[in-house]
file query24.json (JSON, C-alpha atoms)
[["chain", "number", "residue", "atom", "x", "y", "z"],
["A", 1, "MET", "CA", -9.51, 28.70, -33.23],
["A", 2, "LYS", "CA", -7.76, 31.46, -35.15],
["A", 3, "ILE", "CA", -4.14, 32.30, -34.38],
["A", 4, "GLN", "CA", -5.17, 35.84, -33.40],
["A", 5, "ASP", "CA", -7.76, 34.49, -30.95],
["A", 6, "ARG", "CA", -5.21, 32.10, -29.43],
["A", 7, "ASN", "CA", -2.76, 34.97, -28.97],
["A", 8, "VAL", "CA", -5.42, 37.06, -27.20],
["A", 9, "ILE", "CA", -6.28, 34.19, -24.86],
["A", 10, "LYS", "CA", -2.59, 33.56, -24.18],
["A", 11, "ALA", "CA", -2.03, 37.26, -23.45],
["A", 12, "LEU", "CA", -4.97, 37.27, -21.02],
["A", 13, "SER", "CA", -3.57, 34.14, -19.36],
["A", 14, "VAL", "CA", -0.18, 35.81, -18.90],
["A", 15, "LEU", "CA", -1.92, 38.89, -17.48],
["A", 16, "GLY", "CA", -3.87, 36.67, -15.07],
["A", 17, "LEU", "CA", -0.67, 35.06, -13.78],
["A", 18, "ILE", "CA", 1.00, 38.46, -13.41],
["A", 19, "VAL", "CA", -1.98, 39.69, -11.35],
["A", 20, "THR", "CA", -1.57, 36.55, -9.26],
["A", 21, "THR", "CA", 2.08, 37.32, -8.51],
["A", 22, "ILE", "CA", 1.22, 40.95, -7.64],
["A", 23, "ILE", "CA", -1.35, 39.77, -5.09],
["A", 24, "TRP", "CA", 1.02, 37.14, -3.68],
["A", 25, "GLY", "CA", 3.74, 39.77, -3.43],
["A", 26, "SER", "CA", 1.44, 42.04, -1.42],
["A", 27, "ALA", "CA", 0.26, 39.25, 0.91],
["A", 28, "PHE", "CA", 3.42, 39.39, 3.02],
["A", 29, "VAL", "CA", 2.78, 43.05, 3.85],
["A", 30, "VAL", "CA", -0.90, 42.43, 4.60],
["A", 31, "MET", "CA", -0.28, 39.41, 6.85],
["A", 32, "LYS", "CA", 2.91, 40.57, 8.59],
["A", 33, "ASN", "CA", 1.23, 40.92, 12.00],
["A", 34, "THR", "CA", -1.24, 38.05, 11.74],
["A", 35, "VAL", "CA", 1.34, 35.29, 11.29],
["A", 36, "ASN", "CA", 2.85, 36.17, 14.66],
["A", 37, "VAL", "CA", -0.45, 35.54, 16.45],
["A", 38, "ILE", "CA", -2.11, 32.61, 14.65],
["A", 39, "SER", "CA", -0.26, 29.26, 14.50],
["A", 40, "PRO", "CA", 0.99, 28.36, 10.98],
["A", 41, "THR", "CA", -1.23, 25.34, 10.28],
["A", 42, "TYR", "CA", -4.33, 27.08, 11.64],
["A", 43, "LEU", "CA", -3.51, 30.05, 9.42],
["A", 44, "LEU", "CA", -3.43, 27.69, 6.43],
["A", 45, "ALA", "CA", -6.72, 26.14, 7.56],
["A", 46, "LEU", "CA", -8.43, 29.53, 7.80],
["A", 47, "ARG", "CA", -6.94, 30.67, 4.50],
["A", 48, "PHE", "CA", -8.11, 27.64, 2.51],
["A", 49, "THR", "CA", -11.49, 27.48, 4.29],
["A", 50, "ILE", "CA", -12.33, 31.09, 3.42],
["A", 51, "ALA", "CA", -11.31, 30.43, -0.19],
["A", 52, "SER", "CA", -13.36, 27.21, -0.35],
["A", 53, "ILE", "CA", -16.53, 28.81, 1.01],
["A", 54, "ALA", "CA", -16.23, 31.79, -1.32],
["A", 55, "LEU", "CA", -15.65, 29.56, -4.35],
["A", 56, "VAL", "CA", -18.65, 27.36, -3.55],
["A", 57, "ILE", "CA", -20.88, 30.42, -3.14],
["A", 58, "VAL", "CA", -19.75, 31.98, -6.42],
["A", 59, "PHE", "CA", -19.65, 28.77, -8.50],
["A", 60, "TRP", "CA", -22.40, 26.72, -6.86],
["A", 61, "LYS", "CA", -23.98, 25.66, -10.17],
["A", 62, "ARG", "CA", -20.67, 24.24, -11.40],
["A", 63, "VAL", "CA", -19.94, 22.56, -8.09],
["A", 64, "ARG", "CA", -23.21, 20.61, -8.36],
["A", 65, "SER", "CA", -21.91, 18.92, -11.52],
["A", 66, "VAL", "CA", -18.67, 17.60, -10.00],
["A", 67, "LYS", "CA", -17.62, 14.17, -11.28],
["A", 68, "LYS", "CA", -15.58, 11.46, -9.59],
["A", 69, "THR", "CA", -12.58, 12.15, -11.81],
["A", 70, "ASP", "CA", -12.78, 15.85, -10.84],
["A", 71, "LEU", "CA", -12.57, 14.83, -7.18],
["A", 72, "LEU", "CA", -9.54, 12.63, -7.79],
["A", 73, "CYS", "CA", -7.63, 15.20, -9.85],
["A", 74, "GLY", "CA", -8.56, 18.21, -7.73],
["A", 75, "GLY", "CA", -7.84, 16.21, -4.58],
["A", 76, "LEU", "CA", -4.30, 15.42, -5.74],
["A", 77, "LEU", "CA", -3.69, 19.10, -6.56],
["A", 78, "GLY", "CA", -4.97, 20.00, -3.09],
["A", 79, "LEU", "CA", -2.56, 17.50, -1.52],
["A", 80, "PHE", "CA", 0.40, 18.96, -3.44],
["A", 81, "LEU", "CA", -0.61, 22.49, -2.50],
["A", 82, "PHE", "CA", -1.07, 21.72, 1.19],
["A", 83, "ALA", "CA", 2.25, 19.85, 1.41],
["A", 84, "ALA", "CA", 4.06, 22.73, -0.29],
["A", 85, "TYR", "CA", 2.68, 25.41, 2.02],
["A", 86, "LEU", "CA", 3.18, 23.31, 5.14],
["A", 87, "LEU", "CA", 6.81, 22.56, 4.30],
["A", 88, "GLN", "CA", 7.43, 26.19, 3.38],
["A", 89, "THR", "CA", 5.93, 27.40, 6.67],
["A", 90, "TYR", "CA", 7.90, 25.03, 8.88],
["A", 91, "GLY", "CA", 11.05, 25.39, 6.78],
["A", 92, "LEU", "CA", 10.97, 29.09, 7.62],
["A", 93, "LYS", "CA", 11.36, 28.21, 11.32],
["A", 94, "TYR", "CA", 14.83, 26.78, 10.68],
["A", 95, "THR", "CA", 16.22, 28.97, 7.90],
["A", 96, "THR", "CA", 16.27, 32.62, 6.92],
["A", 97, "ALA", "CA", 13.39, 34.31, 5.12],
["A", 98, "SER", "CA", 15.64, 35.17, 2.16],
["A", 99, "LYS", "CA", 16.79, 31.56, 1.68],
["A", 100, "ASN", "CA", 13.24, 30.29, 2.18],
["A", 101, "ALA", "CA", 11.97, 32.61, -0.58],
["A", 102, "PHE", "CA", 14.78, 31.68, -2.95],
["A", 103, "ILE", "CA", 14.66, 27.90, -2.46],
["A", 104, "THR", "CA", 10.87, 27.88, -2.80],
["A", 105, "THR", "CA", 11.08, 29.45, -6.25],
["A", 106, "LEU", "CA", 13.56, 26.83, -7.46],
["A", 107, "TYR", "CA", 10.46, 25.17, -8.92],
["A", 108, "VAL", "CA", 11.29, 27.12, -12.07],
["A", 109, "ILE", "CA", 14.14, 24.66, -12.62],
["A", 110, "LEU", "CA", 12.21, 21.57, -11.48],
["A", 111, "VAL", "CA", 9.08, 22.16, -13.59],
["A", 112, "PRO", "CA", 10.62, 21.60, -17.07],
["A", 113, "PHE", "CA", 12.08, 18.23, -16.02],
["A", 114, "LEU", "CA", 8.90, 17.06, -14.26],
["A", 115, "HIS", "CA", 6.83, 18.23, -17.24],
["A", 116, "TRP", "CA", 9.11, 16.17, -19.48],
["A", 117, "PHE", "CA", 8.86, 13.11, -17.23],
["A", 118, "PHE", "CA", 5.11, 13.10, -16.56],
["A", 119, "ASN", "CA", 3.68, 14.80, -19.66],
["A", 120, "ARG", "CA", 6.30, 13.66, -22.20],
["A", 121, "LYS", "CA", 7.00, 17.21, -23.36],
["A", 122, "LYS", "CA", 10.71, 17.88, -23.66],
["A", 123, "PRO", "CA", 11.76, 21.41, -22.66],
["A", 124, "SER", "CA", 13.33, 23.56, -25.35],
["A", 125, "GLY", "CA", 16.73, 25.17, -25.03],
["A", 126, "ASN", "CA", 14.95, 28.50, -24.52],
["A", 127, "ASN", "CA", 12.91, 27.07, -21.65],
["A", 128, "MET", "CA", 15.97, 25.79, -19.82],
["A", 129, "ALA", "CA", 18.01, 28.94, -20.44],
["A", 130, "ALA", "CA", 15.09, 31.07, -19.21],
["A", 131, "ALA", "CA", 14.78, 28.95, -16.07],
["A", 132, "VAL", "CA", 18.49, 29.31, -15.28],
["A", 133, "ILE", "CA", 18.36, 33.09, -15.81],
["A", 134, "ALA", "CA", 15.25, 33.29, -13.61],
["A", 135, "VAL", "CA", 17.04, 31.42, -10.80],
["A", 136, "ALA", "CA", 20.01, 33.78, -11.11],
["A", 137, "GLY", "CA", 17.64, 36.74, -10.86],
["A", 138, "LEU", "CA", 15.88, 35.24, -7.85],
["A", 139, "ALA", "CA", 19.24, 34.69, -6.15],
["A", 140, "LEU", "CA", 20.16, 38.36, -6.59],
["A", 141, "ILE", "CA", 16.78, 39.44, -5.22],
["A", 142, "SER", "CA", 16.48, 37.02, -2.31],
["A", 143, "LEU", "CA", 19.80, 35.63, -1.10],
["A", 144, "GLU", "CA", 22.03, 37.28, 1.45],
["A", 145, "GLY", "CA", 25.37, 36.19, 2.93],
["A", 146, "ASP", "CA", 24.10, 33.11, 4.80],
["A", 147, "LEU", "CA", 24.45, 30.24, 2.30],
["A", 148, "TYR", "CA", 25.08, 27.17, 4.45],
["A", 149, "ALA", "CA", 22.48, 24.37, 4.26],
["A", 150, "ASN", "CA", 20.34, 23.25, 7.20],
["A", 151, "THR", "CA", 17.15, 21.33, 7.99],
["A", 152, "GLY", "CA", 14.97, 24.28, 7.07],
["A", 153, "ASP", "CA", 16.61, 24.48, 3.65],
["A", 154, "LEU", "CA", 15.84, 20.81, 3.00],
["A", 155, "MET", "CA", 12.21, 21.25, 4.04],
["A", 156, "THR", "CA", 11.94, 24.29, 1.76],
["A", 157, "LEU", "CA", 13.47, 22.35, -1.13],
["A", 158, "LEU", "CA", 10.78, 19.68, -0.67],
["A", 159, "CYS", "CA", 8.24, 22.52, -0.64],
["A", 160, "SER", "CA", 9.60, 23.67, -4.00],
["A", 161, "LEU", "CA", 9.24, 20.13, -5.35],
["A", 162, "PHE", "CA", 5.57, 19.99, -4.33],
["A", 163, "PHE", "CA", 4.92, 23.38, -5.91],
["A", 164, "ALA", "CA", 6.51, 22.03, -9.09],
["A", 165, "PHE", "CA", 4.22, 18.96, -8.95],
["A", 166, "GLN", "CA", 1.23, 21.25, -8.47],
["A", 167, "ILE", "CA", 2.13, 23.34, -11.53],
["A", 168, "VAL", "CA", 2.86, 20.32, -13.77],
["A", 169, "PHE", "CA", -0.27, 18.39, -12.83],
["A", 170, "THR", "CA", -2.42, 21.51, -13.12],
["A", 171, "ASP", "CA", -1.25, 21.66, -16.75],
["A", 172, "ARG", "CA", -2.21, 18.01, -17.24],
["A", 173, "TYR", "CA", -5.62, 18.15, -15.56],
["A", 174, "THR", "CA", -6.90, 21.45, -17.00],
["A", 175, "ILE", "CA", -6.82, 19.88, -20.47],
["A", 176, "ASP", "CA", -9.86, 17.67, -19.72],
["A", 177, "HIS", "CA", -11.30, 19.19, -16.54],
["A", 178, "ASP", "CA", -12.97, 22.48, -15.68],
["A", 179, "PRO", "CA", -10.28, 24.68, -14.04],
["A", 180, "VAL", "CA", -12.91, 26.26, -11.78],
["A", 181, "ILE", "CA", -14.07, 22.91, -10.40],
["A", 182, "LEU", "CA", -10.47, 21.81, -9.92],
["A", 183, "THR", "CA", -9.81, 25.00, -7.94],
["A", 184, "VAL", "CA", -12.83, 24.44, -5.68],
["A", 185, "ILE", "CA", -11.80, 20.87, -4.87],
["A", 186, "GLN", "CA", -8.15, 21.83, -4.49],
["A", 187, "MET", "CA", -8.98, 24.49, -1.89],
["A", 188, "ALA", "CA", -11.42, 22.22, -0.01],
["A", 189, "VAL", "CA", -8.90, 19.37, 0.25],
["A", 190, "ALA", "CA", -6.12, 21.73, 1.40],
["A", 191, "ALA", "CA", -8.49, 23.17, 4.02],
["A", 192, "ALA", "CA", -9.53, 19.72, 5.29],
["A", 193, "LEU", "CA", -5.92, 18.54, 5.58],
["A", 194, "SER", "CA", -4.98, 21.73, 7.43],
["A", 195, "TRP", "CA", -7.77, 21.32, 10.00],
["A", 196, "MET", "CA", -6.88, 17.65, 10.50],
["A", 197, "LEU", "CA", -3.19, 18.30, 11.17],
["A", 198, "ALA", "CA", -3.40, 21.66, 12.97],
["A", 199, "PRO", "CA", -4.17, 20.24, 16.46],
["A", 200, "LEU", "CA", -1.35, 17.69, 16.07],
["A", 201, "LEU", "CA", 1.26, 20.17, 14.84],
["A", 202, "ASP", "CA", 0.28, 23.38, 16.65],
["A", 203, "GLY", "CA", -1.86, 22.27, 19.59],
["A", 204, "ALA", "CA", -4.90, 24.37, 20.53],
["A", 205, "GLN", "CA", -5.53, 27.79, 19.02],
["A", 206, "ASP", "CA", -7.36, 30.60, 20.78],
["A", 207, "PHE", "CA", -9.33, 32.28, 18.00],
["A", 208, "ARG", "CA", -10.38, 35.10, 20.32],
["A", 209, "VAL", "CA", -7.06, 36.77, 19.51],
["A", 210, "ILE", "CA", -8.39, 37.61, 16.03],
["A", 211, "ASN", "CA", -9.34, 41.28, 16.02],
["A", 212, "SER", "CA", -10.95, 43.33, 13.25],
["A", 213, "SER", "CA", -7.59, 44.19, 11.68],
["A", 214, "MET", "CA", -6.52, 40.54, 11.59],
["A", 215, "LEU", "CA", -9.91, 39.53, 10.20],
["A", 216, "THR", "CA", -9.40, 41.97, 7.33],
["A", 217, "GLY", "CA", -6.01, 40.43, 6.67],
["A", 218, "LEU", "CA", -7.43, 36.90, 6.77],
["A", 219, "LEU", "CA", -10.19, 37.82, 4.33],
["A", 220, "TYR", "CA", -7.60, 39.35, 1.99],
["A", 221, "LEU", "CA", -5.47, 36.22, 2.27],
["A", 222, "GLY", "CA", -8.43, 33.89, 1.73],
["A", 223, "ILE", "CA", -10.30, 35.76, -1.00],
["A", 224, "PHE", "CA", -7.57, 37.48, -2.98],
["A", 225, "SER", "CA", -4.31, 35.63, -2.26],
["A", 226, "THR", "CA", -5.92, 32.18, -2.34],
["A", 227, "MET", "CA", -9.30, 32.02, -4.08],
["A", 228, "ILE", "CA", -8.64, 34.54, -6.86],
["A", 229, "CYS", "CA", -4.95, 33.71, -7.33],
["A", 230, "PHE", "CA", -5.32, 29.95, -7.68],
["A", 231, "LEU", "CA", -8.39, 30.43, -9.87],
["A", 232, "LEU", "CA", -6.33, 32.66, -12.17],
["A", 233, "GLN", "CA", -3.45, 30.16, -12.08],
["A", 234, "ASN", "CA", -5.62, 27.21, -13.05],
["A", 235, "LEU", "CA", -7.42, 29.17, -15.77],
["A", 236, "GLY", "CA", -4.16, 30.61, -17.10],
["A", 237, "GLN", "CA", -2.31, 27.31, -17.17],
["A", 238, "LYS", "CA", -4.95, 25.88, -19.49],
["A", 239, "HIS", "CA", -3.45, 28.09, -22.23],
["A", 240, "LEU", "CA", 0.23, 28.33, -21.18],
["A", 241, "SER", "CA", 2.98, 25.78, -20.80],
["A", 242, "PRO", "CA", 3.96, 24.92, -17.21],
["A", 243, "ASN", "CA", 7.51, 26.06, -17.99],
["A", 244, "THR", "CA", 6.35, 29.59, -18.85],
["A", 245, "SER", "CA", 3.80, 29.59, -16.03],
["A", 246, "SER", "CA", 6.41, 28.69, -13.41],
["A", 247, "ILE", "CA", 8.68, 31.56, -14.48],
["A", 248, "ILE", "CA", 5.82, 34.07, -14.39],
["A", 249, "LEU", "CA", 4.66, 32.81, -10.99],
["A", 250, "SER", "CA", 8.19, 33.21, -9.60],
["A", 251, "PHE", "CA", 7.73, 36.96, -10.09],
["A", 252, "GLU", "CA", 6.13, 36.84, -6.65],
["A", 253, "ALA", "CA", 9.67, 37.57, -5.40],
["A", 254, "VAL", "CA", 9.89, 40.70, -7.55],
["A", 255, "PHE", "CA", 6.55, 42.11, -6.39],
["A", 256, "GLY", "CA", 7.27, 41.05, -2.81],
["A", 257, "LEU", "CA", 10.36, 43.26, -3.00],
["A", 258, "VAL", "CA", 8.35, 46.13, -4.51],
["A", 259, "PHE", "CA", 5.69, 46.06, -1.77],
["A", 260, "SER", "CA", 8.28, 45.68, 0.98],
["A", 261, "VAL", "CA", 10.02, 48.81, -0.27],
["A", 262, "LEU", "CA", 6.78, 50.77, -0.66],
["A", 263, "PHE", "CA", 5.02, 49.81, 2.58],
["A", 264, "LEU", "CA", 7.65, 48.43, 4.95],
["A", 265, "GLY", "CA", 10.40, 50.90, 4.18],
["A", 266, "GLU", "CA", 12.93, 48.23, 3.18],
["A", 267, "SER", "CA", 15.88, 49.36, 1.08],
["A", 268, "VAL", "CA", 16.53, 48.29, -2.51],
["A", 269, "THR", "CA", 20.03, 47.73, -3.86],
["A", 270, "ALA", "CA", 21.60, 47.68, -7.31],
["A", 271, "ARG", "CA", 21.99, 43.93, -6.89],
["A", 272, "MET", "CA", 18.23, 43.51, -6.35],
["A", 273, "LEU", "CA", 17.45, 45.68, -9.38],
["A", 274, "SER", "CA", 19.82, 43.52, -11.46],
["A", 275, "GLY", "CA", 17.88, 40.47, -10.31],
["A", 276, "CYS", "CA", 14.60, 42.04, -11.43],
["A", 277, "VAL", "CA", 16.09, 42.76, -14.87],
["A", 278, "LEU", "CA", 17.17, 39.12, -15.20],
["A", 279, "MET", "CA", 13.65, 37.99, -14.27],
["A", 280, "PHE", "CA", 12.15, 40.08, -17.08],
["A", 281, "VAL", "CA", 14.76, 38.75, -19.51],
["A", 282, "SER", "CA", 13.80, 35.19, -18.55],
["A", 283, "ILE", "CA", 10.16, 35.86, -19.45],
["A", 284, "LEU", "CA", 11.07, 37.27, -22.86],
["A", 285, "LEU", "CA", 13.37, 34.33, -23.57],
["A", 286, "SER", "CA", 10.81, 31.71, -22.51],
["A", 287, "GLU", "CA", 8.30, 33.09, -25.02],
["A", 288, "TYR", "CA", 10.71, 33.91, -27.87],
["A", 289, "ARG", "CA", 10.60, 30.45, -29.48],
["A", 290, "LYS", "CA", 6.83, 30.30, -29.30],
["A", 291, "LYS", "CA", 6.41, 33.57, -31.14],
["A", 292, "ASN", "CA", 8.61, 32.33, -33.95],
["A", 293, "ALA", "CA", 6.72, 29.05, -34.08],
["A", 294, "VAL", "CA", 3.27, 30.60, -34.52]]
call {"tool": "encode", "arguments": {"input": "query24.json", "output": "structure tokens"}}
result
Amino acid sequence: MKIQDRNVIKALSVLGLIVTTIIWGSAFVVMKNTVNVISPTYLLALRFTIASIALVIVFWKRVRSVKKTDLLCGGLLGLFLFAAYLLQTYGLKYTTASKNAFITTLYVILVPFLHWFFNRKKPSGNNMAAAVIAVAGLALISLEGDLYANTGDLMTLLCSLFFAFQIVFTDRYTIDHDPVILTVIQMAVAAALSWMLAPLLDGAQDFRVINSSMLTGLLYLGIFSTMICFLLQNLGQKHLSPNTSSIILSFEAVFGLVFSVLFLGESVTARMLSGCVLMFVSILLSEYRKKNAV
């Protein structure tokens, strides 16, 4: 493949991940009312089920050619994803939303080391510096005065670890496996685990409380925030390093702030704007070495 073609594919992959973070950032606004009515694990079950069904309908021909190794790899990704979302959801019960958002995105620091350990690819100085700058930016955007640690913080830190595993192993598996098939299996496994644990963790759920407005929100969460986003992530990571991918994906915090200001009337401060600037700097730094190396 020509260098120019590789650069085009890489640019499209970056664009795909940016679109993913924009959708994730908007999901909080869309689902603000629904999460107060539907129990957390049932919400995950509905989210991943809608995504699974939609993916199977759209990619039925590919699904028919699934191999055993696809099931194993996609299943492990689904386990990582489910564990991350479950820990994030329950961590939020015991800590503040700002700390939950910040600690979750600490995967930008964890990914380079896990990528080094599992995939034998040592992070460059640029990668590590970019990750540190990204964390600093995320802190300015997300953190408030409450900085003491509690049980919810620990659960959220474990959530961040599982997100890091999901990003690193997505990079490994998309080399030899179809990203679309991996996404289908990943969503189906996460849905199955959610339905299995929901009655144990949340008891019974009365689905009659779902009105037309909530149904619209659920469809947005399932189709856009889950199906499309994780499809774009898996396709994009086939052509990007997990270190760069993790930094781009952490921009969910930036777009979450943007949508909260636009639609929820939340205020933005100079500190938050400084954090956004640092996030953009981290992206430029993470890619600087690669451009020189081409």
call {"tool": "axis_aligned_box", "arguments": {"input": "query24.json", "around": "region 83-95 of chain A", "padding_each_side": "5 Å", "output": "JSON"}}
result
{"center_x": 9.2, "center_y": 24.5, "center_z": 5.5, "size_x": 24.0, "size_y": 19.2, "size_z": 21.6}
call {"tool": "residues_near_point", "arguments": {"input": "query24.json", "point": "(-7.5, 24.0, -0.1)", "cutoff": "7 Å", "atoms": "all atoms listed in the file", "output": "list in words"}}
result
Phe48, Thr49, Ser52, Gly78, Phe82, Gln186, Met187, Ala188, Val189, Ala190 and Ala191 of chain A
call {"tool": "residues_near_point", "arguments": {"input": "query24.json", "point": "(13.3, 31.6, -20.0)", "cutoff": "7 Å", "atoms": "all atoms listed in the file", "output": "PyMOL selection string"}}
result
chain A and resi 126-131+133-134+282-286
call {"tool": "closest_residue", "arguments": {"input": "query24.json", "among": "A:Val111, A:Ile210, A:Leu154, A:Ala51", "to": "Ser39 (chain A)", "atoms": "all atoms listed in the file"}}
result
A:Ile210
call {"tool": "closest_residue", "arguments": {"input": "query24.json", "among": "A:Ala253, A:Leu193, A:Leu114, A:Leu273", "to": "Ser26 (chain A)", "atoms": "only C-alpha atoms"}}
result
A:Ala253
call {"tool": "closest_atom_pairs", "arguments": {"input": "query24.json", "of": "region 15-92 of chain A", "to": "region 222-245 of chain A", "cutoff": "12 Å", "atoms": "all atoms listed in the file", "output": "CSV"}}
result
residue,atom,partner,partner_atom,distance
A:Leu15,CA,A:Gly236,CA,8.6
A:Gly16,CA,A:Leu232,CA,5.5
A:Leu17,CA,A:Gln233,CA,5.9
A:Ile18,CA,A:Leu232,CA,9.4
A:Val19,CA,A:Cys229,CA,7.8
A:Thr20,CA,A:Cys229,CA,4.8
A:Thr21,CA,A:Cys229,CA,8.0
A:Ile22,CA,A:Ser225,CA,9.4
A:Ile23,CA,A:Ser225,CA,5.8
A:Trp24,CA,A:Ser225,CA,5.7
A:Gly25,CA,A:Ser225,CA,9.1
A:Ser26,CA,A:Ser225,CA,8.7
A:Ala27,CA,A:Ser225,CA,6.6
A:Phe28,CA,A:Ser225,CA,10.1
A:Val29,CA,A:Ser225,CA,11.9
A:Val30,CA,A:Ser225,CA,10.2
A:Met31,CA,A:Ser225,CA,10.7
A:Leu43,CA,A:Gly222,CA,9.9
A:Leu44,CA,A:Gly222,CA,9.2
A:Ala45,CA,A:Gly222,CA,9.8
A:Leu46,CA,A:Gly222,CA,7.5
A:Arg47,CA,A:Gly222,CA,4.5
A:Phe48,CA,A:Gly222,CA,6.3
A:Thr49,CA,A:Gly222,CA,7.6
A:Ile50,CA,A:Gly222,CA,5.1
A:Ala51,CA,A:Met227,CA,4.7
A:Ser52,CA,A:Met227,CA,7.3
A:Ile53,CA,A:Met227,CA,9.4
A:Ala54,CA,A:Ile223,CA,7.1
A:Leu55,CA,A:Met227,CA,6.8
A:Val56,CA,A:Met227,CA,10.5
A:Ile57,CA,A:Met227,CA,11.7
A:Val58,CA,A:Met227,CA,10.7
A:Phe59,CA,A:Leu231,CA,11.5
A:Gly74,CA,A:Asn234,CA,10.9
A:Leu77,CA,A:Asn234,CA,10.6
A:Gly78,CA,A:Phe230,CA,11.0
A:Leu81,CA,A:Phe230,CA,10.2
A:Tyr85,CA,A:Thr226,CA,11.8
call {"tool": "closest_residue", "arguments": {"input": "query24.json", "among": "A:Leu110, A:Val258, A:Leu86, A:Leu92", "to": "Val132 (chain A)", "atoms": "all atoms listed in the file"}}
result
A:Leu110
call {"tool": "build_atoms", "arguments": {"input": "query24.json", "residues": "region 76-90 of chain A", "atoms": "N, CA and C atoms", "output": "compact mmCIF listing (two decimals), keeping the file's coordinate frame"}}
result
# COMPACT_ATOMS: atom_id res chain seq x y z
N LEU A 76 -5.76 15.56 -5.66
CA LEU A 76 -4.30 15.42 -5.74
C LEU A 76 -3.63 16.80 -5.78
N LEU A 77 -4.23 17.74 -6.52
CA LEU A 77 -3.69 19.10 -6.56
C LEU A 77 -3.75 19.74 -5.17
N GLY A 78 -4.84 19.47 -4.45
CA GLY A 78 -4.97 20.00 -3.09
C GLY A 78 -3.91 19.43 -2.16
N LEU A 79 -3.60 18.14 -2.33
CA LEU A 79 -2.56 17.50 -1.52
C LEU A 79 -1.20 18.13 -1.79
N PHE A 80 -0.88 18.32 -3.07
CA PHE A 80 0.40 18.96 -3.44
C PHE A 80 0.49 20.36 -2.84
N LEU A 81 -0.61 21.11 -2.96
CA LEU A 81 -0.61 22.49 -2.50
C LEU A 81 -0.43 22.56 -0.98
N PHE A 82 -1.17 21.73 -0.27
CA PHE A 82 -1.07 21.72 1.19
C PHE A 82 0.33 21.34 1.64
N ALA A 83 0.90 20.30 1.04
CA ALA A 83 2.25 19.85 1.41
C ALA A 83 3.27 20.96 1.16
N ALA A 84 3.12 21.66 0.04
CA ALA A 84 4.06 22.73 -0.29
C ALA A 84 4.01 23.85 0.74
N TYR A 85 2.81 24.30 1.07
CA TYR A 85 2.68 25.41 2.02
C TYR A 85 3.10 25.00 3.42
N LEU A 86 2.80 23.77 3.80
CA LEU A 86 3.18 23.31 5.14
C LEU A 86 4.70 23.24 5.28
N LEU A 87 5.36 22.67 4.28
CA LEU A 87 6.81 22.56 4.30
C LEU A 87 7.47 23.94 4.24
N GLN A 88 6.89 24.84 3.47
CA GLN A 88 7.43 26.19 3.38
C GLN A 88 7.32 26.90 4.73
N THR A 89 6.17 26.73 5.39
CA THR A 89 5.93 27.40 6.67
C THR A 89 6.89 26.89 7.75
N TYR A 90 7.04 25.58 7.85
CA TYR A 90 7.90 25.03 8.88
C TYR A 90 9.38 25.13 8.50
